[in-house]
$ cat target-v3.cif   # mmCIF, C-alpha atoms and all ligand atoms
data_run
#
loop_
_atom_site.label_atom_id
_atom_site.label_comp_id
_atom_site.auth_asym_id
_atom_site.auth_seq_id
_atom_site.Cartn_x
_atom_site.Cartn_y
_atom_site.Cartn_z
CA MET A 789 16.29 64.80 33.61
CA HIS A 790 12.72 65.95 33.48
CA LEU A 791 10.15 64.58 35.89
CA LYS A 792 8.30 61.53 34.67
CA ARG A 793 4.62 62.41 34.83
CA ILE A 794 2.62 59.44 36.05
CA ALA A 795 -1.07 58.61 35.81
CA VAL A 796 -2.31 55.83 38.06
CA LEU A 797 -5.54 54.20 36.91
CA GLY A 798 -6.97 52.08 39.69
CA SER A 799 -5.09 54.05 42.32
CA THR A 800 -6.93 52.58 45.31
CA GLY A 801 -6.32 48.94 44.38
CA SER A 802 -3.33 46.90 45.47
CA ILE A 803 -1.25 47.89 42.41
CA GLY A 804 -2.25 51.55 42.70
CA ILE A 805 -1.44 51.77 46.40
CA ASN A 806 1.96 50.14 45.89
CA THR A 807 2.68 52.37 42.88
CA LEU A 808 2.09 55.47 44.99
CA ARG A 809 4.36 54.06 47.71
CA VAL A 810 7.12 53.69 45.09
CA VAL A 811 6.49 57.08 43.48
CA GLU A 812 6.58 59.06 46.71
CA ARG A 813 10.10 57.82 47.43
CA PHE A 814 11.41 59.62 44.33
CA PRO A 815 9.95 63.12 44.28
CA LYS A 816 12.73 64.32 41.97
CA GLU A 817 11.96 61.64 39.40
CA PHE A 818 8.20 61.20 39.42
CA GLN A 819 5.18 63.42 39.60
CA VAL A 820 1.66 62.05 40.01
CA VAL A 821 -0.45 63.95 37.49
CA ALA A 822 -3.57 61.79 37.46
CA LEU A 823 -5.39 59.32 39.68
CA SER A 824 -8.54 57.33 39.16
CA ALA A 825 -10.57 54.92 41.25
CA TYR A 826 -13.95 53.33 40.87
CA THR A 827 -15.10 52.14 44.28
CA ASN A 828 -12.95 53.43 47.13
CA THR A 829 -13.68 57.16 46.92
CA ARG A 830 -12.61 57.81 50.53
CA LEU A 831 -9.10 56.57 49.83
CA LEU A 832 -9.07 58.44 46.52
CA GLU A 833 -9.91 61.62 48.44
CA GLN A 834 -6.86 61.11 50.69
CA GLN A 835 -4.67 60.39 47.67
CA ILE A 836 -5.85 63.56 45.91
CA LYS A 837 -5.02 65.60 49.01
CA LYS A 838 -1.58 64.04 49.23
CA PHE A 839 -0.52 64.13 45.57
CA SER A 840 -2.54 67.08 44.18
CA PRO A 841 -2.91 65.52 40.71
CA LEU A 842 -4.05 67.58 37.74
CA TYR A 843 -6.81 65.05 37.08
CA ALA A 844 -8.80 62.77 39.33
CA GLY A 845 -11.31 60.27 38.01
CA ALA A 846 -14.09 58.71 40.07
CA SER A 847 -17.49 57.08 39.61
CA ARG A 848 -20.56 59.30 39.24
CA GLN A 849 -21.37 58.75 42.90
CA GLY A 850 -17.75 59.33 43.80
CA ILE A 851 -17.70 62.67 41.97
CA GLU A 852 -20.77 63.79 43.92
CA TYR A 853 -18.98 62.92 47.14
CA LEU A 854 -15.71 64.60 46.08
CA HIS A 855 -17.52 67.80 45.11
CA LYS A 856 -18.56 68.13 48.76
CA CYS A 857 -15.02 67.57 50.05
CA ARG A 858 -12.79 70.40 51.13
CA GLY A 859 -9.10 70.73 50.49
CA LEU A 860 -8.99 68.95 47.13
CA GLY A 861 -7.12 71.84 45.52
CA LYS A 862 -7.23 72.33 41.78
CA SER A 863 -7.55 68.70 40.69
CA LYS A 864 -9.93 68.46 37.74
CA LEU A 865 -12.54 65.80 38.45
CA PHE A 866 -13.90 63.56 35.72
CA CYS A 867 -16.26 60.62 35.57
CA VAL A 868 -14.54 57.28 34.89
CA GLU A 869 -17.80 55.81 33.57
CA GLU A 870 -17.45 58.20 30.64
CA GLY A 871 -13.98 56.91 29.87
CA MET A 872 -10.37 57.66 30.69
CA ALA A 873 -9.75 59.97 27.74
CA PRO A 874 -8.87 62.98 29.94
CA ILE A 875 -5.94 60.95 31.27
CA VAL A 876 -4.79 58.68 28.47
CA ASN A 877 -4.95 61.42 25.80
CA SER A 878 -3.38 64.13 27.93
CA PRO A 879 -0.04 65.52 26.71
CA GLN A 880 0.74 66.08 30.41
CA VAL A 881 1.00 62.33 31.03
CA ASP A 882 4.15 60.31 30.19
CA THR A 883 3.48 56.97 31.86
CA VAL A 884 0.14 55.34 32.53
CA VAL A 885 0.07 52.73 35.29
CA LEU A 886 -2.84 50.44 34.50
CA GLY A 887 -4.01 48.83 37.71
CA ILE A 888 -7.68 48.42 36.77
CA ARG A 889 -8.96 44.86 36.95
CA GLY A 890 -10.79 43.00 34.22
CA ALA A 891 -12.12 43.92 30.81
CA ALA A 892 -12.63 47.52 31.91
CA ALA A 893 -8.93 48.09 31.24
CA LEU A 894 -9.17 47.41 27.51
CA LYS A 895 -10.43 50.84 26.42
CA PRO A 896 -7.98 52.88 28.52
CA LEU A 897 -5.12 50.61 27.47
CA LEU A 898 -5.93 51.08 23.80
CA GLY A 899 -6.31 54.81 24.37
CA ALA A 900 -2.92 55.00 26.07
CA VAL A 901 -1.06 53.05 23.38
CA ARG A 902 -2.74 55.06 20.64
CA SER A 903 -1.41 58.23 22.33
CA GLY A 904 2.06 56.68 22.32
CA LYS A 905 2.37 56.55 26.10
CA THR A 906 4.53 54.27 28.13
CA VAL A 907 2.19 51.87 29.86
CA ALA A 908 3.13 50.08 33.07
CA LEU A 909 0.67 47.24 32.60
CA ALA A 910 -0.62 45.35 35.62
CA ASN A 911 -3.88 44.23 34.03
CA LYS A 912 -3.76 40.95 32.11
CA GLU A 913 -7.39 40.62 31.01
CA ALA A 914 -7.10 43.29 28.30
CA LEU A 915 -4.24 41.46 26.57
CA VAL A 916 -6.13 38.16 26.85
CA MET A 917 -9.13 39.77 25.17
CA ALA A 918 -7.45 41.66 22.38
CA GLY A 919 -3.68 41.14 22.51
CA HIS A 920 -3.31 41.19 18.73
CA ILE A 921 -4.95 44.61 18.47
CA ILE A 922 -3.12 46.12 21.45
CA ILE A 923 0.33 44.99 20.32
CA LYS A 924 -0.29 46.15 16.74
CA GLU A 925 -1.48 49.56 17.91
CA ALA A 926 1.43 49.90 20.34
CA LYS A 927 3.87 49.33 17.48
CA ARG A 928 2.05 51.70 15.16
CA HIS A 929 2.03 54.52 17.73
CA ASN A 930 5.45 53.85 19.19
CA ALA A 931 4.04 53.11 22.63
CA THR A 932 6.03 51.07 25.14
CA ILE A 933 4.35 48.44 27.28
CA VAL A 934 6.36 47.47 30.36
CA PRO A 935 4.74 44.63 32.28
CA VAL A 936 4.14 44.92 36.02
CA ASP A 937 2.93 41.36 36.57
CA SER A 938 5.94 39.82 38.35
CA GLU A 939 6.31 36.86 35.95
CA GLN A 940 6.06 39.04 32.86
CA SER A 941 8.45 41.55 34.40
CA ALA A 942 10.94 38.71 34.93
CA ILE A 943 10.67 37.57 31.31
CA PHE A 944 10.89 41.17 30.13
CA GLN A 945 14.08 41.70 32.14
CA CYS A 946 15.63 38.42 30.98
CA LEU A 947 14.91 39.27 27.34
CA ASP A 948 15.99 42.90 27.50
CA GLY A 949 18.67 43.52 24.90
CA LYS A 950 18.57 39.90 23.72
CA ASN A 951 17.87 38.57 20.27
CA LYS A 952 14.37 37.14 20.59
CA SER A 953 14.83 34.88 17.57
CA GLU A 954 17.35 32.93 19.68
CA LEU A 955 14.78 32.25 22.40
CA ASN A 956 13.83 28.62 22.83
CA LYS A 957 11.22 28.68 25.58
CA VAL A 958 9.93 30.46 28.64
CA TYR A 959 9.44 28.92 32.06
CA LEU A 960 6.52 30.64 33.69
CA THR A 961 6.70 30.01 37.42
CA ALA A 962 3.74 29.72 39.77
CA SER A 963 3.70 29.53 43.56
CA GLY A 964 0.98 26.90 43.23
CA GLY A 965 -1.88 28.96 44.61
CA SER A 966 -3.52 28.85 48.01
CA LEU A 967 -5.01 25.38 47.38
CA CYS A 968 -1.78 23.59 46.62
CA ASP A 969 -2.09 21.41 49.72
CA VAL A 970 -5.89 21.19 49.91
CA PRO A 971 -7.34 17.92 48.52
CA LYS A 972 -9.65 18.38 45.55
CA SER A 973 -12.44 16.54 47.41
CA GLU A 974 -12.76 19.63 49.61
CA PHE A 975 -12.91 22.17 46.77
CA GLY A 976 -16.72 22.21 46.55
CA LYS A 977 -16.98 23.30 50.18
CA LEU A 978 -14.42 26.10 50.13
CA SER A 979 -15.91 29.37 51.34
CA VAL A 980 -15.23 32.78 49.84
CA SER A 981 -13.35 33.92 52.94
CA ARG A 982 -11.16 30.80 52.84
CA ILE A 983 -10.20 31.51 49.22
CA LEU A 984 -9.52 35.19 49.89
CA LYS A 985 -7.02 34.27 52.60
CA HIS A 986 -4.07 33.97 50.24
CA PRO A 987 -1.01 32.73 52.12
CA ARG A 988 1.57 34.98 50.51
CA TRP A 989 0.25 38.13 48.91
CA LYS A 990 -2.45 40.62 49.60
CA MET A 991 -4.12 41.31 46.26
CA GLY A 992 -7.52 42.23 44.90
CA LYS A 993 -10.34 39.71 45.24
CA LYS A 994 -10.60 38.77 41.58
CA ILE A 995 -6.93 37.91 41.14
CA THR A 996 -6.90 36.07 44.48
CA VAL A 997 -9.69 33.77 43.26
CA ASP A 998 -7.91 33.40 39.89
CA SER A 999 -4.75 32.41 41.76
CA ALA A 1000 -6.64 29.71 43.65
CA THR A 1001 -8.08 28.15 40.46
CA LEU A 1002 -4.74 28.72 38.64
CA MET A 1003 -6.79 30.58 36.05
CA ASN A 1004 -4.41 33.44 36.79
CA LYS A 1005 -1.46 31.37 35.57
CA GLY A 1006 -3.44 30.38 32.50
CA LEU A 1007 -4.23 34.02 31.73
CA GLU A 1008 -0.53 34.74 32.17
CA ILE A 1009 0.31 32.21 29.44
CA ILE A 1010 -1.86 34.15 27.01
CA GLU A 1011 -0.52 37.47 28.31
CA ALA A 1012 3.07 36.30 27.75
CA MET A 1013 2.25 35.12 24.22
CA TRP A 1014 1.25 38.63 23.23
CA LEU A 1015 3.87 40.54 25.20
CA PHE A 1016 6.77 38.47 23.88
CA ASN A 1017 5.39 37.15 20.60
CA LEU A 1018 5.50 33.49 21.67
CA ASP A 1019 3.60 30.35 20.69
CA ALA A 1020 1.64 28.63 23.43
CA ASP A 1021 3.95 25.63 23.11
CA ALA A 1022 6.99 27.76 23.95
CA ILE A 1023 5.68 28.43 27.46
CA GLU A 1024 6.00 25.88 30.26
CA VAL A 1025 4.39 26.40 33.63
CA LEU A 1026 6.48 25.29 36.61
CA ILE A 1027 5.22 25.19 40.16
CA HIS A 1028 7.86 26.82 42.33
CA PRO A 1029 6.51 27.22 45.88
CA GLN A 1030 9.26 29.54 47.16
CA ALA A 1031 8.34 32.08 44.44
CA VAL A 1032 11.90 33.38 44.38
CA ILE A 1033 12.44 32.79 40.67
CA HIS A 1034 9.83 34.97 39.04
CA SER A 1035 10.27 33.30 35.64
CA MET A 1036 13.03 32.12 33.31
CA VAL A 1037 13.94 32.16 29.63
CA GLU A 1038 15.88 29.51 27.77
CA PHE A 1039 17.88 30.33 24.64
CA ARG A 1040 18.53 27.92 21.81
CA ASP A 1041 22.01 27.04 23.08
CA GLY A 1042 20.36 25.74 26.27
CA SER A 1043 21.47 28.69 28.36
CA ILE A 1044 18.84 29.84 30.86
CA LEU A 1045 18.41 33.27 32.41
CA ALA A 1046 16.22 33.74 35.46
CA GLN A 1047 15.11 36.79 37.37
CA LEU A 1048 15.08 36.33 41.13
CA GLY A 1049 14.00 38.56 43.95
CA ILE A 1050 11.94 38.87 47.08
CA THR A 1051 8.18 38.63 46.58
CA ASP A 1052 7.09 42.23 46.77
CA MET A 1053 5.06 43.89 44.03
CA ARG A 1054 6.92 47.15 44.57
CA LEU A 1055 9.90 45.59 42.82
CA PRO A 1056 8.28 45.00 39.40
CA ILE A 1057 6.24 48.20 39.78
CA GLN A 1058 9.36 50.25 40.39
CA TYR A 1059 11.18 48.64 37.47
CA ALA A 1060 8.26 49.39 35.16
CA LEU A 1061 8.45 53.04 36.23
CA THR A 1062 12.22 53.44 36.05
CA TYR A 1063 12.87 51.23 32.99
CA PRO A 1064 15.45 51.06 31.50
CA ARG A 1065 17.11 52.41 34.64
CA ARG A 1066 17.21 50.86 38.11
CA PHE A 1067 16.78 52.76 41.35
CA LYS A 1068 17.45 51.68 44.92
CA THR A 1069 14.59 50.15 46.85
CA ASN A 1070 14.08 50.14 50.59
CA LEU A 1071 12.95 46.52 50.54
CA LYS A 1072 14.63 43.74 52.47
CA ASP A 1073 17.46 41.77 50.87
CA MET A 1074 17.16 38.22 49.67
CA ASP A 1075 18.55 35.81 52.24
CA PHE A 1076 19.73 32.76 50.30
CA LEU A 1077 21.10 31.02 53.39
CA LYS A 1078 17.70 31.13 55.07
CA LEU A 1079 16.04 30.05 51.88
CA ARG A 1080 18.30 26.99 51.43
CA GLN A 1081 16.40 25.40 48.55
CA LEU A 1082 14.43 26.14 45.43
CA THR A 1083 12.01 23.41 44.39
CA PHE A 1084 9.95 22.77 41.26
CA LYS A 1085 7.14 20.51 40.20
CA LYS A 1086 4.64 20.03 37.42
CA PRO A 1087 1.25 21.66 37.82
CA ASP A 1088 -1.55 19.19 38.65
CA LEU A 1089 -3.87 19.70 35.70
CA ASN A 1090 -6.53 17.33 37.05
CA LYS A 1091 -6.79 19.30 40.24
CA PHE A 1092 -6.64 22.64 38.43
CA PRO A 1093 -8.39 22.09 35.07
CA ALA A 1094 -8.60 25.86 34.48
CA LEU A 1095 -4.91 25.85 33.66
CA GLN A 1096 -5.35 23.08 31.07
CA LEU A 1097 -8.31 24.96 29.61
CA CYS A 1098 -6.18 28.08 29.22
CA MET A 1099 -3.40 26.08 27.57
CA ASP A 1100 -5.92 24.81 25.01
CA VAL A 1101 -7.55 28.20 24.53
CA ALA A 1102 -4.13 29.86 24.14
CA ARG A 1103 -3.76 28.08 20.78
CA ASP A 1104 -6.71 30.00 19.41
CA LYS A 1105 -5.70 33.47 18.26
CA GLY A 1106 -9.35 34.37 17.68
CA THR A 1107 -12.13 35.28 20.10
CA THR A 1108 -11.94 32.22 22.39
CA PRO A 1109 -9.47 33.76 24.91
CA CYS A 1110 -11.79 36.77 25.17
CA VAL A 1111 -14.75 34.45 25.83
CA LEU A 1112 -12.78 32.53 28.45
CA ASN A 1113 -11.88 35.76 30.19
CA ALA A 1114 -15.42 37.19 30.18
CA ALA A 1115 -16.98 33.94 31.43
CA ASN A 1116 -14.34 33.77 34.15
CA GLU A 1117 -14.98 37.35 35.27
CA GLU A 1118 -18.70 36.58 35.58
CA ALA A 1119 -18.12 33.24 37.32
CA VAL A 1120 -15.65 34.72 39.82
CA GLU A 1121 -18.07 37.54 40.58
CA ALA A 1122 -20.83 34.95 41.13
CA PHE A 1123 -18.55 32.98 43.45
CA LEU A 1124 -17.70 36.12 45.44
CA ASN A 1125 -21.45 36.74 45.81
CA ASN A 1126 -22.06 33.14 46.92
CA LYS A 1127 -24.09 32.32 43.83
CA VAL A 1128 -21.89 29.42 42.71
CA ASN A 1129 -19.45 27.29 44.64
CA PHE A 1130 -15.73 27.18 43.99
CA LEU A 1131 -15.90 24.27 41.54
CA GLY A 1132 -18.68 26.07 39.69
CA ILE A 1133 -16.21 28.69 38.42
CA TYR A 1134 -14.42 26.25 36.14
CA LYS A 1135 -17.63 24.49 35.13
CA ILE A 1136 -19.16 27.75 33.92
CA VAL A 1137 -16.07 28.89 32.05
CA GLU A 1138 -15.59 25.49 30.40
CA LYS A 1139 -19.23 25.33 29.27
CA VAL A 1140 -19.21 28.80 27.77
CA VAL A 1141 -15.89 28.22 26.01
CA SER A 1142 -17.09 24.91 24.55
CA LYS A 1143 -20.20 26.58 23.10
CA HIS A 1144 -18.25 29.36 21.43
CA ARG A 1145 -17.49 29.50 17.72
CA SER A 1146 -14.25 31.40 17.41
CA ILE A 1147 -13.83 34.30 15.00
CA GLN A 1148 -10.30 34.52 13.66
CA SER A 1149 -8.43 37.85 13.40
CA PRO A 1150 -11.28 39.59 15.23
CA THR A 1151 -11.88 43.31 15.04
CA LEU A 1152 -12.43 45.29 18.22
CA GLU A 1153 -16.18 45.03 17.57
CA ASP A 1154 -15.89 41.24 17.33
CA VAL A 1155 -14.01 41.23 20.62
CA TRP A 1156 -16.67 43.24 22.44
CA ALA A 1157 -19.43 41.13 20.88
CA ALA A 1158 -17.69 37.94 22.06
CA ASP A 1159 -17.23 39.46 25.52
CA GLY A 1160 -20.92 40.36 25.74
CA TRP A 1161 -22.05 36.97 24.42
CA ALA A 1162 -19.86 35.11 26.93
CA ARG A 1163 -21.19 37.16 29.84
CA GLU A 1164 -24.80 36.44 28.84
CA GLN A 1165 -24.04 32.74 28.54
CA ALA A 1166 -22.26 32.68 31.90
CA LYS A 1167 -25.10 34.56 33.62
CA GLY A 1168 -27.59 32.05 32.20
CA LEU A 1169 -25.59 29.20 33.73
CA ILE A 1170 -25.24 31.01 37.06
CA LEU A 1171 -29.03 31.45 37.35
CA ASN A 1172 -29.72 27.76 36.65
MG MG B 1201 1.59 37.09 38.25
#

$ encode --input "target-v3.cif" --output "structure tokens"
Amino acid sequence: MHLKRIAVLGSTGSIGINTLRVVERFPKEFQVVALSAYTNTRLLEQQIKKFSPLYAGASRQGIEYLHKCRGLGKSKLFCVEEGMAPIVNSPQVDTVVLGIRGAAALKPLLGAVRSGKTVALANKEALVMAGHIIIKEAKRHNATIVPVDSEQSAIFQCLDGKNKSELNKVYLTASGGSLCDVPKSEFGKLSVSRILKHPRWKMGKKITVDSATLMNKGLEIIEAMWLFNLDADAIEVLIHPQAVIHSMVEFRDGSILAQLGITDMRLPIQYALTYPRRFKTNLKDMDFLKLRQLTFKKPDLNKFPALQLCMDVARDKGTTPCVLNAANEEAVEAFLNNKVNFLGIYKIVEKVVSKHRSIQSPTLEDVWAADGWAREQAKGLILN
């Protein structure tokens, strides 16, 4: 067995940090050959010292800082603002872990699939923007995309080795978000710090806000459509507060397969890295007797209209999902900077989506144009 050579893009984010925790447990299986980070250069510096990657990508400012650091060894530094080509095109990389948030992941993802890499994909925005292009290119270049998102990983595992034409539907589970028990009348007053206090998982800020609006679940519907070649109608969202079932698939004979496990991102991350094999983890076991029950309910679409909006947008295979995503990124950023309140996020996204005239079978240029248009529209609404 030769070492799997791993590149971690977004190495200082929650996915990146957990990936490195997994990788360092298996020094005979994995070698970290590249790291990149955009904001947290201090942590990147520590990671470079620990893993001695061949390549390390940072922002322009970050590079300036790293040039002054001692003990970085022979790692070749490159500027992430100029693109991820040094990593995604490198013949010295086998698997690219994509832990970058937002639209910024689209270019490196396309680069990685066009180089025929295996991609452990944690980012969902890129697939929402241009799923049709990414999946087509992955097929053409024989690239493998293994999802890291826990729900997609569950579906991926349930479908592995199965005949997809016999699939009836997918149950996409959701914990319900941090606002499950908060009355909607209070939503307008929710502060940024309140939203960022997610009860169950520590994640990046953007996805934590998306989890609160349930936009995250909506984006996952679109993500699943592309990953598993499904129609929007074949995906049903189920609120499952225990978050033990990470998703389920139903076959046409009515038989249902579910993937269960403790809620720890290292589990789907490790599977994406070891696929199709399974290695031991050092995580705690599931205690069914403590758990006692698994419950389910319908999502409240009046309380969380972003989910309904995504369900509608998911039917459009053109540029509307891209517009939804871009407007949401801008609106979430504005919320995090206290420029709009929590309810404003949905209002902005809905307005921009309703103004958009979708282009069907868009080219990559159409996608970027739609992304840019949506951001301008959203910014206009944020200012007023
Ligand atoms: Mg998820």

$ closest_atom_pairs --input "target-v3.cif" --of "chain A" --to "ligand MG 1201 (chain B)" --cutoff "8 Å" --atoms "all atoms listed in the file" --output "tab-separated table"
residue	atom	partner	partner_atom	distance
A:Asp937	CA	B:MG1201	MG	4.8
A:Ser938	CA	B:MG1201	MG	5.1
A:Glu939	CA	B:MG1201	MG	5.3
A:Gln940	CA	B:MG1201	MG	7.3
A:Ala962	CA	B:MG1201	MG	7.8
A:Asn1004	CA	B:MG1201	MG	7.2
A:Lys1005	CA	B:MG1201	MG	7.0
A:Glu1008	CA	B:MG1201	MG	6.9

$ residues_around --input "target-v3.cif" --residues "range 807-814 of chain A" --least-positions-apart "6" --cutoff "7 Å" --atoms "only C-alpha atoms" --output "VMD selection string"
chain A and resid 1054 1057 to 1058

$ closest_residue --input "target-v3.cif" --among "A:Thr961, A:Asn1125, A:Thr932, A:Asn911" --to "Gly992 in chain A" --atoms "all atoms listed in the file"
A:Asn911

$ residues_around --input "target-v3.cif" --residues "Lys985 in chain A" --least-positions-apart "6" --cutoff "10 Å" --atoms "all atoms listed in the file" --output "list in words"
Ser966, Met991, Lys993, Thr996 and Val997 of chain A

$ residues_around --input "target-v3.cif" --residues "Arg928 in chain A" --least-positions-apart "6" --cutoff "12 Å" --atoms "all atoms listed in the file" --output "list in words"
Leu898, Val901, Arg902, Ser903, Gly904, Lys905, Ile921 and Ile922 of chain A

$ atom_distance --input "target-v3.cif" --atom1 "CA of Arg1065 in chain A" --atom2 "CA of Glu925 in chain A"
25.2 Å

$ atom_distance --input "target-v3.cif" --atom1 "CA of Asn877 in chain A" --atom2 "CA of Ile794 in chain A"
12.9 Å

$ residues_around --input "target-v3.cif" --residues "Gln1165 in chain A" --least-positions-apart "2" --cutoff "12 Å" --atoms "only C-alpha atoms" --output "PyMOL selection string"
chain A and resi 1111-1112+1114-1116+1118-1119+1136-1144+1158-1163+1167-1172

$ write_last_selection --input "target-v3.cif" --atoms "C-alpha atoms" --output "PDB file, keeping the file's coordinate frame"
ATOM      1  CA  VAL A1111     -14.750  34.450  25.830  1.00  0.00           C
ATOM      2  CA  LEU A1112     -12.780  32.530  28.450  1.00  0.00           C
ATOM      3  CA  ALA A1114     -15.420  37.190  30.180  1.00  0.00           C
ATOM      4  CA  ALA A1115     -16.980  33.940  31.430  1.00  0.00           C
ATOM      5  CA  ASN A1116     -14.340  33.770  34.150  1.00  0.00           C
ATOM      6  CA  GLU A1118     -18.700  36.580  35.580  1.00  0.00           C
ATOM      7  CA  ALA A1119     -18.120  33.240  37.320  1.00  0.00           C
ATOM      8  CA  ILE A1136     -19.160  27.750  33.920  1.00  0.00           C
ATOM      9  CA  VAL A1137     -16.070  28.890  32.050  1.00  0.00           C
ATOM     10  CA  GLU A1138     -15.590  25.490  30.400  1.00  0.00           C
ATOM     11  CA  LYS A1139     -19.230  25.330  29.270  1.00  0.00           C
ATOM     12  CA  VAL A1140     -19.210  28.800  27.770  1.00  0.00           C
ATOM     13  CA  VAL A1141     -15.890  28.220  26.010  1.00  0.00           C
ATOM     14  CA  SER A1142     -17.090  24.910  24.550  1.00  0.00           C
ATOM     15  CA  LYS A1143     -20.200  26.580  23.100  1.00  0.00           C
ATOM     16  CA  HIS A1144     -18.250  29.360  21.430  1.00  0.00           C
ATOM     17  CA  ALA A1158     -17.690  37.940  22.060  1.00  0.00           C
ATOM     18  CA  ASP A1159     -17.230  39.460  25.520  1.00  0.00           C
ATOM     19  CA  GLY A1160     -20.920  40.360  25.740  1.00  0.00           C
ATOM     20  CA  TRP A1161     -22.050  36.970  24.420  1.00  0.00           C
ATOM     21  CA  ALA A1162     -19.860  35.110  26.930  1.00  0.00           C
ATOM     22  CA  ARG A1163     -21.190  37.160  29.840  1.00  0.00           C
ATOM     23  CA  LYS A1167     -25.100  34.560  33.620  1.00  0.00           C
ATOM     24  CA  GLY A1168     -27.590  32.050  32.200  1.00  0.00           C
ATOM     25  CA  LEU A1169     -25.590  29.200  33.730  1.00  0.00           C
ATOM     26  CA  ILE A1170     -25.240  31.010  37.060  1.00  0.00           C
ATOM     27  CA  LEU A1171     -29.030  31.450  37.350  1.00  0.00           C
ATOM     28  CA  ASN A1172     -29.720  27.760  36.650  1.00  0.00           C
TER      29      ASN A1172
END

$ closest_residue --input "target-v3.cif" --among "A:Ile1147, A:Leu842, A:Leu1079, A:Val868" --to "Ala825 in chain A" --atoms "all atoms listed in the file"
A:Val868

$ closest_residue --input "target-v3.cif" --among "A:Gln835, A:Gln945, A:Gln849, A:Asn1090" --to "Leu1048 in chain A" --atoms "all atoms listed in the file"
A:Gln945

$ closest_residue --input "target-v3.cif" --among "A:Ser1043, A:Ala795, A:Arg848, A:Gly964" --to "Asp882 in chain A" --atoms "only C-alpha atoms"
A:Ala795

$ atom_distance --input "target-v3.cif" --atom1 "CA of Ser824 in chain A" --atom2 "CA of Leu1071 in chain A"
26.6 Å

$ closest_residue --input "target-v3.cif" --among "A:Asn1126, A:Asn956, A:Gln1047, A:Asn828" --to "Leu1018 in chain A" --atoms "all atoms listed in the file"
A:Asn956

$ closest_residue --input "target-v3.cif" --among "A:Met1003, A:Leu1097, A:Asp1052, A:Lys924" --to "Ser802 in chain A" --atoms "all atoms listed in the file"
A:Asp1052

$ axis_aligned_box --input "target-v3.cif" --around "range 1096-1105 of chain A" --padding-each-side "3 Å" --output "lines of an AutoDock Vina configuration file"
center_x = -5.9
center_y = 28.3
center_z = 24.7
size_x = 10.9
size_y = 16.4
size_z = 18.8

$ residues_near_point --input "target-v3.cif" --point "(-5.7, 57.0, 42.4)" --cutoff "8 Å" --atoms "only C-alpha atoms" --output "PyMOL selection string"
chain A and resi 796-800+804-805+822-825+832+835-836+844-845

$ residues_near_point --input "target-v3.cif" --point "(-0.4, 32.3, 46.5)" --cutoff "12 Å" --atoms "all atoms listed in the file" --output "PyMOL selection string"
chain A and resi 961-969+983-991+995-1002+1004-1005+1027-1031+1051

$ build_atoms --input "target-v3.cif" --residues "range 912-923 of chain A" --atoms "N, CA and C atoms" --output "PDB file, in the frame of the given file"
ATOM      1  N   LYS A 912      -4.042  41.944  33.138  1.00  0.00           N
ATOM      2  CA  LYS A 912      -3.760  40.950  32.110  1.00  0.00           C
ATOM      3  C   LYS A 912      -4.967  40.664  31.241  1.00  0.00           C
ATOM      4  N   GLU A 913      -6.177  40.977  31.743  1.00  0.00           N
ATOM      5  CA  GLU A 913      -7.390  40.620  31.010  1.00  0.00           C
ATOM      6  C   GLU A 913      -7.457  41.307  29.647  1.00  0.00           C
ATOM      7  N   ALA A 914      -7.001  42.559  29.568  1.00  0.00           N
ATOM      8  CA  ALA A 914      -7.100  43.290  28.300  1.00  0.00           C
ATOM      9  C   ALA A 914      -6.274  42.606  27.210  1.00  0.00           C
ATOM     10  N   LEU A 915      -5.084  42.156  27.555  1.00  0.00           N
ATOM     11  CA  LEU A 915      -4.240  41.460  26.570  1.00  0.00           C
ATOM     12  C   LEU A 915      -4.855  40.116  26.181  1.00  0.00           C
ATOM     13  N   VAL A 916      -5.480  39.446  27.146  1.00  0.00           N
ATOM     14  CA  VAL A 916      -6.130  38.160  26.850  1.00  0.00           C
ATOM     15  C   VAL A 916      -7.271  38.384  25.862  1.00  0.00           C
ATOM     16  N   MET A 917      -7.986  39.474  26.042  1.00  0.00           N
ATOM     17  CA  MET A 917      -9.130  39.770  25.170  1.00  0.00           C
ATOM     18  C   MET A 917      -8.700  40.145  23.760  1.00  0.00           C
ATOM     19  N   ALA A 918      -7.732  41.025  23.673  1.00  0.00           N
ATOM     20  CA  ALA A 918      -7.450  41.660  22.380  1.00  0.00           C
ATOM     21  C   ALA A 918      -5.956  41.925  22.208  1.00  0.00           C
ATOM     22  N   GLY A 919      -5.132  40.956  22.577  1.00  0.00           N
ATOM     23  CA  GLY A 919      -3.680  41.140  22.510  1.00  0.00           C
ATOM     24  C   GLY A 919      -3.202  41.538  21.128  1.00  0.00           C
ATOM     25  N   HIS A 920      -3.783  40.910  20.095  1.00  0.00           N
ATOM     26  CA  HIS A 920      -3.310  41.190  18.730  1.00  0.00           C
ATOM     27  C   HIS A 920      -3.531  42.645  18.344  1.00  0.00           C
ATOM     28  N   ILE A 921      -4.648  43.213  18.810  1.00  0.00           N
ATOM     29  CA  ILE A 921      -4.950  44.610  18.470  1.00  0.00           C
ATOM     30  C   ILE A 921      -4.047  45.551  19.287  1.00  0.00           C
ATOM     31  N   ILE A 922      -3.907  45.247  20.566  1.00  0.00           N
ATOM     32  CA  ILE A 922      -3.120  46.120  21.450  1.00  0.00           C
ATOM     33  C   ILE A 922      -1.659  46.188  20.992  1.00  0.00           C
ATOM     34  N   ILE A 923      -1.083  45.028  20.700  1.00  0.00           N
ATOM     35  CA  ILE A 923       0.330  44.990  20.320  1.00  0.00           C
ATOM     36  C   ILE A 923       0.549  45.704  18.976  1.00  0.00           C
TER      37      ILE A 923
END
